[in-house]
Structure formats: C-alpha cells, structure tokens
file target36.cif (mmCIF, C-alpha atoms; chains and numbers go by the auth columns)
data_coords
loop_
_atom_site.group_PDB
_atom_site.id
_atom_site.type_symbol
_atom_site.label_atom_id
_atom_site.label_comp_id
_atom_site.label_asym_id
_atom_site.label_seq_id
_atom_site.Cartn_x
_atom_site.Cartn_y
_atom_site.Cartn_z
_atom_site.B_iso_or_equiv
_atom_site.auth_seq_id
_atom_site.auth_asym_id
ATOM 1 C CA MET A 1 158.616 -64.981 29.317 0.00 159 A
ATOM 2 C CA ALA A 2 155.351 -64.428 31.130 0.00 160 A
ATOM 3 C CA GLY A 3 153.349 -61.576 32.517 0.00 161 A
ATOM 4 C CA ASP A 4 150.077 -59.930 33.326 0.00 162 A
ATOM 5 C CA VAL A 5 147.913 -57.251 31.732 0.00 163 A
ATOM 6 C CA LYS A 6 145.662 -55.100 33.930 0.00 164 A
ATOM 7 C CA GLN A 7 143.104 -52.464 33.008 0.00 165 A
ATOM 8 C CA VAL A 8 140.553 -50.506 35.020 0.00 166 A
ATOM 9 C CA LYS A 9 137.434 -49.473 33.095 0.00 167 A
ATOM 10 C CA ARG A 10 134.241 -48.148 34.667 0.00 168 A
ATOM 11 C CA GLN A 11 135.554 -49.069 38.127 0.00 169 A
ATOM 12 C CA GLN A 12 136.063 -52.694 37.042 0.00 170 A
ATOM 13 C CA LEU A 13 139.421 -54.483 37.018 0.00 171 A
ATOM 14 C CA ILE A 14 140.073 -56.456 33.840 0.00 172 A
ATOM 15 C CA ARG A 15 143.124 -58.688 33.896 0.00 173 A
ATOM 16 C CA GLY A 16 144.710 -61.510 32.001 0.00 174 A
ATOM 17 C CA SER A 17 147.970 -63.412 31.863 0.00 175 A
ATOM 18 C CA TYR A 18 150.202 -64.386 28.967 0.00 176 A
ATOM 19 C CA SER A 19 153.299 -66.474 28.327 0.00 177 A
ATOM 20 C CA ALA A 20 155.598 -66.992 25.395 0.00 178 A
ATOM 21 C CA SER A 21 158.746 -68.914 24.653 0.00 179 A
ATOM 22 C CA VAL A 22 161.408 -66.659 23.143 0.00 180 A
ATOM 23 C CA LYS A 23 164.641 -67.812 21.533 0.00 181 A
ATOM 24 C CA CYS A 24 167.298 -65.392 22.764 0.00 182 A
ATOM 25 C CA VAL A 25 170.160 -63.987 20.739 0.00 183 A
ATOM 26 C CA PRO A 26 172.900 -62.614 23.042 0.00 184 A
ATOM 27 C CA GLY A 27 173.304 -58.873 22.605 0.00 185 A
ATOM 28 C CA ALA A 28 170.474 -58.493 20.096 0.00 186 A
ATOM 29 C CA PRO A 29 166.815 -57.521 20.421 0.00 187 A
ATOM 30 C CA VAL A 30 164.361 -60.296 19.582 0.00 188 A
ATOM 31 C CA ALA A 31 160.750 -59.737 18.531 0.00 189 A
ATOM 32 C CA TRP A 32 158.079 -61.741 20.327 0.00 190 A
ATOM 33 C CA THR A 33 154.301 -61.842 20.591 0.00 191 A
ATOM 34 C CA ALA A 34 151.867 -63.126 23.177 0.00 192 A
ATOM 35 C CA THR A 35 148.139 -62.935 23.806 0.00 193 A
ATOM 36 C CA ALA A 36 146.621 -62.060 27.169 0.00 194 A
ATOM 37 C CA VAL A 37 143.159 -63.533 27.575 0.00 195 A
ATOM 38 C CA PRO A 38 141.115 -61.692 30.200 0.00 196 A
ATOM 39 C CA THR A 39 139.649 -63.696 33.036 0.00 197 A
ATOM 40 C CA GLY A 40 135.918 -63.290 33.473 0.00 198 A
ATOM 41 C CA SER A 41 133.440 -62.081 30.876 0.00 199 A
ATOM 42 C CA VAL A 42 134.675 -58.514 30.253 0.00 200 A
ATOM 43 C CA PRO A 43 137.152 -58.105 27.375 0.00 201 A
ATOM 44 C CA PHE A 44 140.001 -55.611 27.365 0.00 202 A
ATOM 45 C CA GLN A 45 138.828 -52.188 26.208 0.00 203 A
ATOM 46 C CA ARG A 46 140.422 -49.432 24.150 0.00 204 A
ATOM 47 C CA GLY A 47 142.639 -47.287 26.346 0.00 205 A
ATOM 48 C CA ASP A 48 145.553 -47.676 28.703 0.00 206 A
ATOM 49 C CA VAL A 49 146.618 -50.953 30.282 0.00 207 A
ATOM 50 C CA GLU A 50 149.491 -51.879 32.560 0.00 208 A
ATOM 51 C CA VAL A 51 151.676 -54.687 31.208 0.00 209 A
ATOM 52 C CA GLU A 52 154.091 -56.546 33.461 0.00 210 A
ATOM 53 C CA ALA A 53 156.680 -58.769 31.782 0.00 211 A
ATOM 54 C CA ARG A 54 158.960 -61.293 33.487 0.00 212 A
ATOM 55 C CA ALA A 55 161.741 -63.030 31.589 0.00 213 A
ATOM 56 C CA THR A 56 163.920 -65.834 32.911 0.00 214 A
ATOM 57 C CA ALA A 57 167.038 -67.296 31.308 0.00 215 A
ATOM 58 C CA THR A 58 170.020 -69.323 32.455 0.00 216 A
ATOM 59 C CA ASP A 59 173.223 -67.350 32.869 0.00 217 A
ATOM 60 C CA PRO A 60 175.754 -69.326 30.753 0.00 218 A
ATOM 61 C CA ASP A 61 178.723 -68.299 32.931 0.00 219 A
ATOM 62 C CA TYR A 62 177.240 -69.153 36.335 0.00 220 A
ATOM 63 C CA GLU A 63 174.623 -71.692 35.207 0.00 221 A
ATOM 64 C CA ARG A 64 171.958 -70.025 37.351 0.00 222 A
ATOM 65 C CA PRO A 65 168.541 -68.731 36.378 0.00 223 A
ATOM 66 C CA VAL A 66 168.276 -64.953 36.101 0.00 224 A
ATOM 67 C CA THR A 67 164.900 -63.203 36.111 0.00 225 A
ATOM 68 C CA VAL A 68 164.178 -59.622 35.130 0.00 226 A
ATOM 69 C CA SER A 69 160.843 -57.846 35.152 0.00 227 A
ATOM 70 C CA GLU A 70 159.441 -54.573 33.920 0.00 228 A
ATOM 71 C CA THR A 71 156.065 -52.886 34.025 0.00 229 A
ATOM 72 C CA VAL A 72 155.024 -50.435 31.313 0.00 230 A
ATOM 73 C CA ALA A 73 151.904 -48.577 30.246 0.00 231 A
ATOM 74 C CA VAL A 74 150.522 -49.580 26.843 0.00 232 A
ATOM 75 C CA HIS A 75 147.660 -47.977 24.929 0.00 233 A
ATOM 76 C CA LEU A 76 145.222 -50.421 23.306 0.00 234 A
ATOM 77 C CA SER A 77 143.459 -49.394 20.122 0.00 235 A
ATOM 78 C CA ARG A 78 140.940 -51.184 18.021 0.00 236 A
ATOM 79 C CA GLY A 79 142.686 -53.278 15.419 0.00 237 A
#
call {"tool": "encode", "arguments": {"input": "target36.cif", "output": "structure tokens"}}
result
Amino acid sequence: MAGDVKQVKRQQLIRGSYSASVKCVPGAPVAWTATAVPTGSVPFQRGDVEVEARATATDPDYERPVTVSETVAVHLSRG
C-alpha cells in the first residue's frame, strides 16, 4: 500500500508520500498505519487534507496483480 497526502494552507501546497506493508486477510478488514512525511520545510497543518491510497495484491485465481485506489478527505487535528 502506498499513497500521497496533499494539503493547501495559505496558498502553499504541502505534500508527502507514505507506504506500508499490510498482511491481508481475505474478506476481513485489516488495520494499518503509515506516516506521510512532508517534502520541504513546511509541516502538515491542522485542517483538511486529501489522502490518496493505492493498494496492490496478487489475485490468487488469476495470478495477476490487481491495484485499487481511493482518494478521501481527512481532517487533521493536533494530537
């Protein structure tokens, strides 16, 4: 799994990438975590970000890689 996080604050684009290895369980949700480190010197800020996730796995029936992606809005808070 890999993806990108993008945020616009004060007319500046802040972005970072992340990746994680996730052990899949067919038919079941699996928790995972990853950290996106912003490029440049400006850290992510509180507020909305756009998170794109791409996951790739091998289809066991056809032995071919399958990739799915989704983009969602996430609200960052101080933690």
call {"tool": "resolve_selection", "arguments": {"input": "target36.cif", "expression": "the PyMOL selection byres ((chain A and resi 174) around 8)", "output": "mmCIF file with C-alpha atoms, in the frame of the given file"}}
result
data_model
loop_
_atom_site.group_PDB
_atom_site.id
_atom_site.type_symbol
_atom_site.label_atom_id
_atom_site.label_comp_id
_atom_site.auth_asym_id
_atom_site.auth_seq_id
_atom_site.Cartn_x
_atom_site.Cartn_y
_atom_site.Cartn_z
ATOM 1 C CA ASP A 162 150.077 -59.930 33.326
ATOM 2 C CA VAL A 163 147.913 -57.251 31.732
ATOM 3 C CA LYS A 164 145.662 -55.100 33.930
ATOM 4 C CA ILE A 172 140.073 -56.456 33.840
ATOM 5 C CA ARG A 173 143.124 -58.688 33.896
ATOM 6 C CA SER A 175 147.970 -63.412 31.863
ATOM 7 C CA TYR A 176 150.202 -64.386 28.967
ATOM 8 C CA ALA A 194 146.621 -62.060 27.169
ATOM 9 C CA VAL A 195 143.159 -63.533 27.575
ATOM 10 C CA PRO A 196 141.115 -61.692 30.200
ATOM 11 C CA THR A 197 139.649 -63.696 33.036
#
call {"tool": "atom_distance", "arguments": {"input": "target36.cif", "atom1": "CA of His233 (chain A)", "atom2": "CA of Val207 (chain A)"}}
result
6.2 Å
call {"tool": "residues_around", "arguments": {"input": "target36.cif", "residues": "region 184-188 of chain A", "least_positions_apart": "6", "cutoff": "12 Å", "atoms": "all atoms listed in the file", "output": "PyMOL selection string"}}
result
chain A and resi 215-218
call {"tool": "atom_distance", "arguments": {"input": "target36.cif", "atom1": "CA of Ala213 (chain A)", "atom2": "CA of Thr193 (chain A)"}}
result
15.7 Å
call {"tool": "residues_around", "arguments": {"input": "target36.cif", "residues": "Ala160 (chain A)", "least_positions_apart": "2", "cutoff": "6 Å", "atoms": "only C-alpha atoms", "output": "mmCIF file with C-alpha atoms, in the frame of the given file"}}
result
data_model
loop_
_atom_site.group_PDB
_atom_site.id
_atom_site.type_symbol
_atom_site.label_atom_id
_atom_site.label_comp_id
_atom_site.auth_asym_id
_atom_site.auth_seq_id
_atom_site.Cartn_x
_atom_site.Cartn_y
_atom_site.Cartn_z
ATOM 1 C CA TYR A 176 150.202 -64.386 28.967
ATOM 2 C CA SER A 177 153.299 -66.474 28.327
ATOM 3 C CA ALA A 211 156.680 -58.769 31.782
ATOM 4 C CA ARG A 212 158.960 -61.293 33.487
#
call {"tool": "resolve_selection", "arguments": {"input": "target36.cif", "expression": "the PyMOL selection byres ((chain A and resi 237) around 12)", "output": "list in words"}}
result
Gln203, Arg204, His233, Leu234, Ser235 and Arg236 of chain A
call {"tool": "atom_distance", "arguments": {"input": "target36.cif", "atom1": "CA of Thr191 (chain A)", "atom2": "CA of Glu221 (chain A)"}}
result
26.9 Å
call {"tool": "closest_residue", "arguments": {"input": "target36.cif", "among": "A:Ser199, A:Cys182, A:Gly205, A:Ala189", "to": "Val166 (chain A)", "atoms": "all atoms listed in the file"}}
result
A:Gly205
call {"tool": "closest_residue", "arguments": {"input": "target36.cif", "among": "A:Val183, A:Met159, A:Glu208, A:Gln170", "to": "Val226 (chain A)", "atoms": "all atoms listed in the file"}}
result
A:Met159
call {"tool": "closest_residue", "arguments": {"input": "target36.cif", "among": "A:Val230, A:Val224, A:Phe202, A:Asp219", "to": "Gln165 (chain A)", "atoms": "all atoms listed in the file"}}
result
A:Phe202
call {"tool": "closest_residue", "arguments": {"input": "target36.cif", "among": "A:Tyr220, A:Lys167, A:Thr214, A:Asp206", "to": "Val232 (chain A)", "atoms": "all atoms listed in the file"}}
result
A:Asp206
call {"tool": "axis_aligned_box", "arguments": {"input": "target36.cif", "around": "region 178-197 of chain A", "padding_each_side": "6 Å", "output": "lines of an AutoDock Vina configuration file"}}
result
center_x = 156.5
center_y = -63.2
center_z = 25.8
size_x = 45.7
size_y = 23.4
size_z = 26.5
call {"tool": "residues_near_point", "arguments": {"input": "target36.cif", "point": "(158.2, -52.4, 31.2)", "cutoff": "8 Å", "atoms": "only C-alpha atoms", "output": "MDAnalysis selection string"}}
result
chainID A and resid 209:211 227:231
